[in-house]
Amino acid sequence: MTRGAYRAAYPAGDGTRHISDISLTDSGRIIASSVADAGDDGPFDSAVSDAGQVNVSAAGRVRLTLAASPSVLGTFPEYRIEAVECLPGTTDALLGTDDETLGGYVRTMPFCEA
């Protein structure tokens, strides 16, 4: 499969964006952020999940496998994660928020292990 539908396990409900950003680990794991957003002043609720795997064959053929039940790696109540980037050669993901009138934050979390 080279494309598919993805539904985050968390958060759920109205205003949920199942993918607000994605990143790949060095081994091809797909790390995705998801967010529930009730408006510029929140409340916000976010999660980062293991969404699946991307593999490339020796012939250059891409295969996408989405997780049937994505594992939630971390939840972030009161924050709206809009960016996730696996830092090359590390296990760290750089997470960025855009919390509208509440500001923005950047932090790292060890979500990108092989």
# chains A, B, ... in the order shown; residues from 1 in each chain; ligands from 1
>>> select_by_dssp(residues="stretch 5-55 of chain A", states="strand (DSSP E or B)", output="ChimeraX atom specification")
/A:16-24,29-37,44-55
>>> write_last_selection(atoms="C-alpha atoms", output="CSV table (one decimal), in the first residue's frame")
chain,number,residue,atom,x,y,z
A,16,THR,CA,-9.9,16.4,16.3
A,17,ARG,CA,-7.3,16.4,13.6
A,18,HIS,CA,-6.0,12.9,13.4
A,19,ILE,CA,-2.6,14.0,11.9
A,20,SER,CA,-1.3,17.5,12.7
A,21,ASP,CA,2.3,16.5,11.6
A,22,ILE,CA,4.3,13.4,10.9
A,23,SER,CA,8.0,12.4,11.0
A,24,LEU,CA,10.0,9.2,10.2
A,29,ARG,CA,8.6,4.2,11.8
A,30,ILE,CA,5.9,6.8,11.3
A,31,ILE,CA,5.5,9.1,14.3
A,32,ALA,CA,2.3,11.3,14.1
A,33,SER,CA,0.9,14.0,16.3
A,34,SER,CA,-2.8,14.5,16.6
A,35,VAL,CA,-4.7,17.4,18.2
A,36,ALA,CA,-8.2,18.4,19.4
A,37,ASP,CA,-8.7,22.1,19.0
A,44,PHE,CA,-6.4,21.9,23.5
A,45,ASP,CA,-5.4,18.2,23.8
A,46,SER,CA,-2.7,16.4,21.9
A,47,ALA,CA,-0.9,13.1,21.5
A,48,VAL,CA,2.0,11.6,19.7
A,49,SER,CA,1.5,8.1,18.4
A,50,ASP,CA,3.3,5.3,16.5
A,51,ALA,CA,1.3,5.4,13.3
A,52,GLY,CA,3.0,2.7,11.3
A,53,GLN,CA,6.0,1.9,9.1
A,54,VAL,CA,7.4,2.9,5.7
A,55,ASN,CA,9.8,0.5,3.9
>>> residues_around(residues="A:Thr2", least_positions_apart="5", cutoff="8 Å", atoms="only C-alpha atoms", output="PyMOL selection string")
chain A and resi 62-64
>>> atom_distance(atom1="atom CA of A:Asp41", atom2="atom CA of A:Asp92")
28.9 Å
>>> closest_residue(among="A:Val56, A:Tyr79, A:Val72, A:Pro110", to="A:Ala38", atoms="only C-alpha atoms")
A:Tyr79
>>> closest_residue(among="A:Cys86, A:Ser69, A:Arg80, A:Thr97", to="A:Met109", atoms="only C-alpha atoms")
A:Cys86
>>> atom_distance(atom1="atom CA of A:Asp26", atom2="atom CA of A:Ser57")
15.2 Å
>>> closest_residue(among="A:Asp40, A:Glu85, A:Glu113, A:Glu78", to="A:Glu100", atoms="only C-alpha atoms")
A:Asp40
>>> atom_distance(atom1="atom CA of A:Gly96", atom2="atom CA of A:Glu82")
6.0 Å
>>> decode(residues="stretch 41-70 of chain A", atoms="N, CA and C atoms", output="tab-separated table (two decimals), in the first residue's frame")
chain	number	residue	atom	x	y	z
A	41	ASP	N	-8.57	29.86	22.02
A	41	ASP	CA	-8.28	29.86	23.44
A	41	ASP	C	-8.39	28.47	24.06
A	42	GLY	N	-8.46	27.45	23.22
A	42	GLY	CA	-8.52	26.09	23.71
A	42	GLY	C	-9.92	25.72	24.17
A	43	PRO	N	-10.06	24.66	24.92
A	43	PRO	CA	-8.97	23.83	25.39
A	43	PRO	C	-8.36	23.00	24.27
A	44	PHE	N	-7.08	22.70	24.42
A	44	PHE	CA	-6.35	21.87	23.46
A	44	PHE	C	-6.03	20.53	24.12
A	45	ASP	N	-5.80	19.52	23.29
A	45	ASP	CA	-5.41	18.21	23.77
A	45	ASP	C	-4.67	17.53	22.63
A	46	SER	N	-3.50	16.99	22.91
A	46	SER	CA	-2.68	16.39	21.86
A	46	SER	C	-2.10	15.05	22.27
A	47	ALA	N	-1.65	14.33	21.28
A	47	ALA	CA	-0.94	13.07	21.51
A	47	ALA	C	0.09	12.87	20.40
A	48	VAL	N	1.07	12.05	20.69
A	48	VAL	CA	2.02	11.58	19.70
A	48	VAL	C	1.91	10.06	19.69
A	49	SER	N	1.78	9.49	18.49
A	49	SER	CA	1.54	8.05	18.36
A	49	SER	C	2.47	7.40	17.35
A	50	ASP	N	2.63	6.10	17.50
A	50	ASP	CA	3.33	5.27	16.53
A	50	ASP	C	2.29	4.89	15.49
A	51	ALA	N	2.36	5.52	14.32
A	51	ALA	CA	1.29	5.39	13.33
A	51	ALA	C	1.51	4.28	12.30
A	52	GLY	N	2.71	3.74	12.23
A	52	GLY	CA	2.96	2.68	11.25
A	52	GLY	C	4.41	2.63	10.82
A	53	GLN	N	4.62	2.18	9.58
A	53	GLN	CA	5.97	1.92	9.08
A	53	GLN	C	6.03	2.21	7.58
A	54	VAL	N	7.16	2.76	7.14
A	54	VAL	CA	7.44	2.92	5.72
A	54	VAL	C	8.70	2.11	5.42
A	55	ASN	N	8.63	1.28	4.39
A	55	ASN	CA	9.79	0.50	3.94
A	55	ASN	C	10.02	0.77	2.47
A	56	VAL	N	11.28	0.76	2.07
A	56	VAL	CA	11.65	0.91	0.67
A	56	VAL	C	12.47	-0.31	0.28
A	57	SER	N	12.03	-1.01	-0.77
A	57	SER	CA	12.73	-2.21	-1.23
A	57	SER	C	14.02	-1.83	-1.94
A	58	ALA	N	14.84	-2.83	-2.18
A	58	ALA	CA	16.10	-2.61	-2.90
A	58	ALA	C	15.84	-2.04	-4.29
A	59	ALA	N	14.67	-2.33	-4.85
A	59	ALA	CA	14.30	-1.82	-6.18
A	59	ALA	C	13.70	-0.41	-6.10
A	60	GLY	N	13.58	0.14	-4.87
A	60	GLY	CA	13.04	1.48	-4.71
A	60	GLY	C	11.54	1.55	-4.56
A	61	ARG	N	10.91	0.42	-4.37
A	61	ARG	CA	9.46	0.37	-4.20
A	61	ARG	C	9.07	0.72	-2.76
A	62	VAL	N	8.14	1.66	-2.59
A	62	VAL	CA	7.72	2.13	-1.27
A	62	VAL	C	6.52	1.31	-0.81
A	63	ARG	N	6.58	0.89	0.47
A	63	ARG	CA	5.46	0.17	1.07
A	63	ARG	C	5.11	0.87	2.38
A	64	LEU	N	3.85	1.23	2.51
A	64	LEU	CA	3.32	1.89	3.69
A	64	LEU	C	2.44	0.92	4.46
A	65	THR	N	2.70	0.78	5.76
A	65	THR	CA	1.87	-0.05	6.62
A	65	THR	C	1.40	0.83	7.77
A	66	LEU	N	0.10	1.11	7.82
A	66	LEU	CA	-0.46	1.92	8.91
A	66	LEU	C	-0.89	1.01	10.05
A	67	ALA	N	-0.69	1.47	11.26
A	67	ALA	CA	-1.08	0.69	12.45
A	67	ALA	C	-2.59	0.61	12.54
A	68	ALA	N	-3.11	-0.60	12.69
A	68	ALA	CA	-4.56	-0.78	12.86
A	68	ALA	C	-5.03	-0.19	14.19
A	69	SER	N	-4.19	-0.31	15.21
A	69	SER	CA	-4.44	0.28	16.53
A	69	SER	C	-3.19	1.04	16.95
A	70	PRO	N	-3.10	2.32	16.56
A	70	PRO	CA	-1.88	3.09	16.85
A	70	PRO	C	-1.57	3.15	18.35
